[in-house]
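K.L.:
Mind having a look at this structure? Questions to follow.
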Amino acid sequence: MVNIMEDKLIIQKAASKEEFEALYDLRWRLLRKPWNQPKGSEKDEREDESYSFIAILDNKIIGTARLHKNNEKEGQIRYLAVEKEYQKMDIGKNLMKKIEMHAINLGLESVILNARKTAENFFKKLGYKVIRKGHTLFNEIEHYVMRKSLINAN
Ligand SMILES: CC(C)(COP(=O)(O)OP(=O)(O)OC[C@H]1O[C@@H](n2cnc3c(N)ncnc32)[C@H](O)[C@@H]1OP(=O)(O)O)[C@@H](O)C(=O)NCCC(=O)NCCS
């Protein structure tokens, strides 16, 4: 496995119109297009109140993930995606670390997410635990609701 040099990788909150366009495109290509979903299906009604992060390597946006608050104690992570040719280089892990730090700074005590079955073990490695079976997206993608406490080991 190739590991990118951590000091070359920048992970920050998306701010400009161009950054948002790039991250929506990345979401759509990785999470929607393979299931024939139209452009626009990569967004939801909470974009304006969410925190979207991007991973940048050599001036290129190669990963993204989003955090929103479900309430004062719980955050939710959605739309995690890393460009195919950059997967398995710790980009996803670093995005998750940054987003969890942000959640802690917001005073949140836990984060939940709907993990695709194919990503379940990725999240397990980061300390997430399955709390229940979730929905099935596009009639075929099974999800598991997973949770991680940000204040202790449970
Ligand atoms: C899932 C995804 C975000 C992982 O990102 P990534 O940058 O490839 O993952 P990392 O390189 O940071 O992996 C961190 C660790 O998890 C492991 N891992 C990565 N993807 C995995 C997977 N699908 N299943 C099991 N383990 C996985 C890595 O081997 C690595 O293990 P290590 O720390 O022991 O070396 C990425 O594969 C992706 O974008 N997939 C398509 C979109 C998607 O499914 N998003 C999640 C929707 S819920």
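Ordered as shown in the structure tokens, chains take letters A, B, and onward, while each chain numbers its residues from 1 and ligands are numbered from 1 in the order shown.
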Show me which residues line ligand 1, defined as having an atom within 8 Å of a ligand atom where only C-alpha atoms and all ligand atoms count, and present them as a ChimeraX atom specification.
P.N.:
/A:1,3,30-31,63,78-84,86-95,113-123,125-126,143
K.L.:
Can you tell me, as a PyMOL selection string, which residues in chain A count as helix (DSSP H, G or I) by DSSP?
P.N.:
chain A and resi 6-8+17-35+47-49+84-86+91-105+117-125
K.L.:
Rounded to one decimal place, report the atom CA of A:Phe53-atom CA of A:Phe20 distance in Å.
P.N.:
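Separating atom CA of A:Phe53 from atom CA of A:Phe20 is a distance of 9.5 Å.
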K.L.:
Show which residues sit within 9 Å of A:His102, as a short mmCIF file (atom, residue, chain, number, x, y, z; two decimals) with N, CA and C atoms, in the first residue's frame. Count only C-alpha atoms, and ignore same-chain residues fewer than 6 positions away.
P.N.:
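So the final result, stored in part.cif, reads:
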data_model
loop_
_atom_site.label_atom_id
_atom_site.label_comp_id
_atom_site.auth_asym_id
_atom_site.auth_seq_id
_atom_site.Cartn_x
_atom_site.Cartn_y
_atom_site.Cartn_z
N TYR A 51 -20.93 21.45 7.27
CA TYR A 51 -19.52 21.77 7.10
C TYR A 51 -18.95 20.76 6.12
N LEU A 67 -20.07 17.22 7.48
CA LEU A 67 -20.59 17.07 8.85
C LEU A 67 -21.78 18.00 9.04
N LEU A 108 -19.71 18.64 20.15
CA LEU A 108 -20.50 17.42 19.95
C LEU A 108 -19.88 16.25 20.72
#
K.L.:
Just to confirm, what's the straight-line distance from atom CA of A:Arg66 to atom CA of A:His135 in Å (one decimal)?
P.N.:
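Separating atom CA of A:Arg66 from atom CA of A:His135 is a distance of 19.3 Å.
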K.L.:
Would you list the contacts of stretch 32-46 of chain A as a VMD selection string, taking every protein, DNA or RNA residue within 12 Å and counting only C-alpha atoms, but skipping same-chain residues closer than 4 positions in sequence?
P.N.:
chain A and resid 20 to 28 50 to 52 65 to 70 76 to 81 137 to 141
K.L.:
Which neighbours of A:Ser149 fall inside 7 Å, counting only C-alpha atoms, when residues of the same chain fewer than 6 positions from it are skipped, and could you give them as a list in words?
P.N.:
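Selected residues are Glu109, Ser110 and Val111 of chain A.
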K.L.:
Would you save the residues from that selection as a short mmCIF file (atom, residue, chain, number, x, y, z; two decimals), in the first residue's frame, using N, CA and C atoms?
P.N.:
data_model
loop_
_atom_site.label_atom_id
_atom_site.label_comp_id
_atom_site.auth_asym_id
_atom_site.auth_seq_id
_atom_site.Cartn_x
_atom_site.Cartn_y
_atom_site.Cartn_z
N GLU A 109 -20.74 15.34 21.16
CA GLU A 109 -20.27 14.21 21.97
C GLU A 109 -20.17 12.91 21.20
N SER A 110 -20.85 12.85 20.07
CA SER A 110 -20.77 11.64 19.25
C SER A 110 -21.09 11.97 17.80
N VAL A 111 -20.67 11.06 16.92
CA VAL A 111 -21.06 11.21 15.52
C VAL A 111 -21.65 9.88 15.04
#
K.L.:
Give the strand (DSSP E) residues of stretch 90-136 of chain A, as assigned by DSSP on the backbone, as a PyMOL selection string.
P.N.:
chain A and resi 110-116+129-136
K.L.:
Include N, CA and C atoms and write out the residues we just selected as a JSON list (two decimals), in the first residue's frame.
P.N.:
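Contents of result-v2.json, as written:
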[["chain", "number", "residue", "atom", "x", "y", "z"],
["A", 110, "SER", "N", -20.85, 12.85, 20.07],
["A", 110, "SER", "CA", -20.77, 11.64, 19.25],
["A", 110, "SER", "C", -21.09, 11.97, 17.80],
["A", 111, "VAL", "N", -20.67, 11.06, 16.92],
["A", 111, "VAL", "CA", -21.06, 11.21, 15.52],
["A", 111, "VAL", "C", -21.65, 9.88, 15.04],
["A", 112, "ILE", "N", -22.64, 9.99, 14.17],
["A", 112, "ILE", "CA", -23.19, 8.79, 13.55],
["A", 112, "ILE", "C", -23.03, 8.91, 12.04],
["A", 113, "LEU", "N", -23.17, 7.82, 11.37],
["A", 113, "LEU", "CA", -23.15, 7.82, 9.91],
["A", 113, "LEU", "C", -23.86, 6.58, 9.39],
["A", 114, "ASN", "N", -24.28, 6.66, 8.15],
["A", 114, "ASN", "CA", -24.86, 5.51, 7.47],
["A", 114, "ASN", "C", -23.78, 4.93, 6.58],
["A", 115, "ALA", "N", -23.23, 3.80, 7.01],
["A", 115, "ALA", "CA", -22.11, 3.22, 6.25],
["A", 115, "ALA", "C", -22.63, 2.24, 5.22],
["A", 116, "ARG", "N", -22.11, 2.37, 4.01],
["A", 116, "ARG", "CA", -22.37, 1.34, 3.02],
["A", 116, "ARG", "C", -21.70, 0.06, 3.51],
["A", 129, "LYS", "N", -18.92, 1.84, 15.64],
["A", 129, "LYS", "CA", -19.59, 0.57, 15.94],
["A", 129, "LYS", "C", -20.97, 0.57, 15.32],
["A", 130, "VAL", "N", -21.36, -0.58, 14.80],
["A", 130, "VAL", "CA", -22.70, -0.70, 14.22],
["A", 130, "VAL", "C", -23.74, -0.63, 15.33],
["A", 131, "ILE", "N", -24.74, 0.24, 15.17],
["A", 131, "ILE", "CA", -25.81, 0.25, 16.17],
["A", 131, "ILE", "C", -27.10, -0.39, 15.62],
["A", 132, "ARG", "N", -27.29, -0.35, 14.33],
["A", 132, "ARG", "CA", -28.42, -1.06, 13.73],
["A", 132, "ARG", "C", -28.28, -1.09, 12.21],
["A", 133, "LYS", "N", -29.08, -1.93, 11.61],
["A", 133, "LYS", "CA", -29.10, -1.98, 10.16],
["A", 133, "LYS", "C", -29.86, -0.75, 9.66],
["A", 134, "GLY", "N", -29.38, -0.16, 8.59],
["A", 134, "GLY", "CA", -30.02, 1.05, 8.08],
["A", 134, "GLY", "C", -30.84, 0.77, 6.83],
["A", 135, "HIS", "N", -30.97, 1.79, 6.00],
["A", 135, "HIS", "CA", -31.81, 1.67, 4.80],
["A", 135, "HIS", "C", -31.04, 1.00, 3.66],
["A", 136, "THR", "N", -31.77, 0.63, 2.64],
["A", 136, "THR", "CA", -31.15, 0.11, 1.42],
["A", 136, "THR", "C", -31.34, 1.16, 0.33]]
K.L.:
Ranking A:Val145, A:Leu150, A:Glu19, A:Lys13 by minimum distance to A:Lys60 and counting only C-alpha atoms, which one comes first?
P.N.:
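Of A:Val145, A:Leu150, A:Glu19, A:Lys13, the one nearest A:Lys60 is A:Glu19, counting only C-alpha atoms.
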K.L.:
Go through A:Ile56, A:Met146, A:Met96, A:Met101 one by one, measure the shortest atom-to-atom distance of each to A:Lys8 using only C-alpha atoms, and give the residue with the smallest value.
P.N.:
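Comparing A:Ile56, A:Met146, A:Met96, A:Met101 against A:Lys8, the winner is A:Ile56.
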K.L.:
Identify which of the residues A:Glu18, A:Glu74, A:Tyr128, A:Glu100 lies closest to A:Ile61, counting only C-alpha atoms when measuring atom-to-atom distances.
P.N.:
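Smallest separation from A:Ile61 among the options: A:Glu18.
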K.L.:
Can you work out the spacing between atom CA of A:Asp58 and atom CA of A:Asn105 in Å, to one decimal?
P.N.:
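Atom-to-atom, atom CA of A:Asp58 to atom CA of A:Asn105, that is 27.8 Å.
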